Every structure is written in structure tokens, then in C-alpha cells.
Amino acid sequence: MSRILIALHGHLVKRSVLNAVFEYCMKMKFKVNVLLVDDEDAPSPVLADFVARLKQAGLNGCLYRQAGCLGQAVLKHASRHKDIRLILVDSMKNWGSRVPLRALSQPVGLFSGVVAS
């Protein structure tokens, strides 16, 4: 089973994005990992509800936490989970200038802009 990774620097995320990801994963039977970077607070209620919905639907929703820059955290997480096929990040401005995108293993799609407005 393939995975989608939602990587956030903080925990603000659009509910509409999470709903679309949920529907997509239901159709494709993808697992979902949520990675919070540099965030010691509890996940937002929207994010906590999303992870609970994933688990209830049998999509193995998992919430991970890691310190550091977003790009490094994503690379480290992706290296441990070779079945990640799609990565959604909150913003490329949080990625980190010293982390090359080409370091991601292929085939992986990377999309940014999933933060709440």
C-alpha cells in the first residue's frame, strides 16, 4: 500500500485540503502520514479529527513529530518510508535552502500550499 505524507511546519492546514486528501486516499487505498515539524503544541482539532477519520476508515493515519527544518524532516521521514508517493507541504518557504528537492527518491510528487488562509 502506498503512502501520502502531509508535512507541516506548524499545524494550520485547510480543512478542504484534508477532505480532498481523505477522499483520494479512500479511493486509492493509500496510507497517510502527517509530519509536524518544530511544533510542540497539540495538533489542531482539524488535524486531530483528520487523523482519527483515517484510522476509523482503516487507512492507518499516523501522526509523527520531528524537530529541524521542514526539508530535512521530510527527507528523513521519506527515507524510512519508501512507499511514499505524494508529499504535501505547507509552504516551500519553510523547506530550507540547503535541502535539494532532487534528494527525494523517485517517483514522488511534491505539492505546496496546504496551509490555512
# chains A, B, ... in the order shown; residues from 1 in each chain; ligands from 1

call {"tool": "select_by_dssp", "arguments": {"residues": "chain A", "states": "helix (DSSP H, G or I)", "output": "ChimeraX atom specification"}}
result
/A:15-28,45-56,70-80,92-94,101-103

call {"tool": "select_by_dssp", "arguments": {"residues": "chain A", "states": "strand (DSSP E)", "output": "list of chain:residue names"}}
result
A:Arg3, A:Ile4, A:Leu5, A:Ile6, A:Ala7, A:Leu8, A:His9, A:Lys31, A:Val32, A:Asn33, A:Val34, A:Leu35, A:Leu36, A:Val37, A:Cys62, A:Leu63, A:Tyr64, A:Arg65, A:Gln66, A:Ile84, A:Arg85, A:Leu86, A:Ile87, A:Leu88, A:Val89, A:Gly109, A:Leu110, A:Phe111, A:Ser112

call {"tool": "atom_distance", "arguments": {"atom1": "atom CA of Arg3 of chain A", "atom2": "atom CA of Gly68 of chain A"}}
result
22.3 Å

call {"tool": "residues_around", "arguments": {"residues": "segment 5-17 of chain A", "least_positions_apart": "2", "cutoff": "7 Å", "atoms": "only C-alpha atoms", "output": "list in words"}}
result
Arg3, Asn19, Ala20, Val21, Val32, Asn33, Val34, Leu35, Leu36, Val37, Asp38, Asp39, Pro43, Ser44, Val46, Leu70, Val74, Ile84, Leu86, Ile87, Leu88, Val89, Asp90, Asn94, Val114, Val115 and Ala116 of chain A

call {"tool": "closest_residue", "arguments": {"among": "A:Cys25, A:Ala52, A:Leu47, A:Ala103", "to": "Ala78 of chain A", "atoms": "only C-alpha atoms"}}
result
A:Ala103

call {"tool": "closest_residue", "arguments": {"among": "A:Gly109, A:Pro100, A:Gly71, A:Gly61", "to": "Arg85 of chain A", "atoms": "only C-alpha atoms"}}
result
A:Gly109
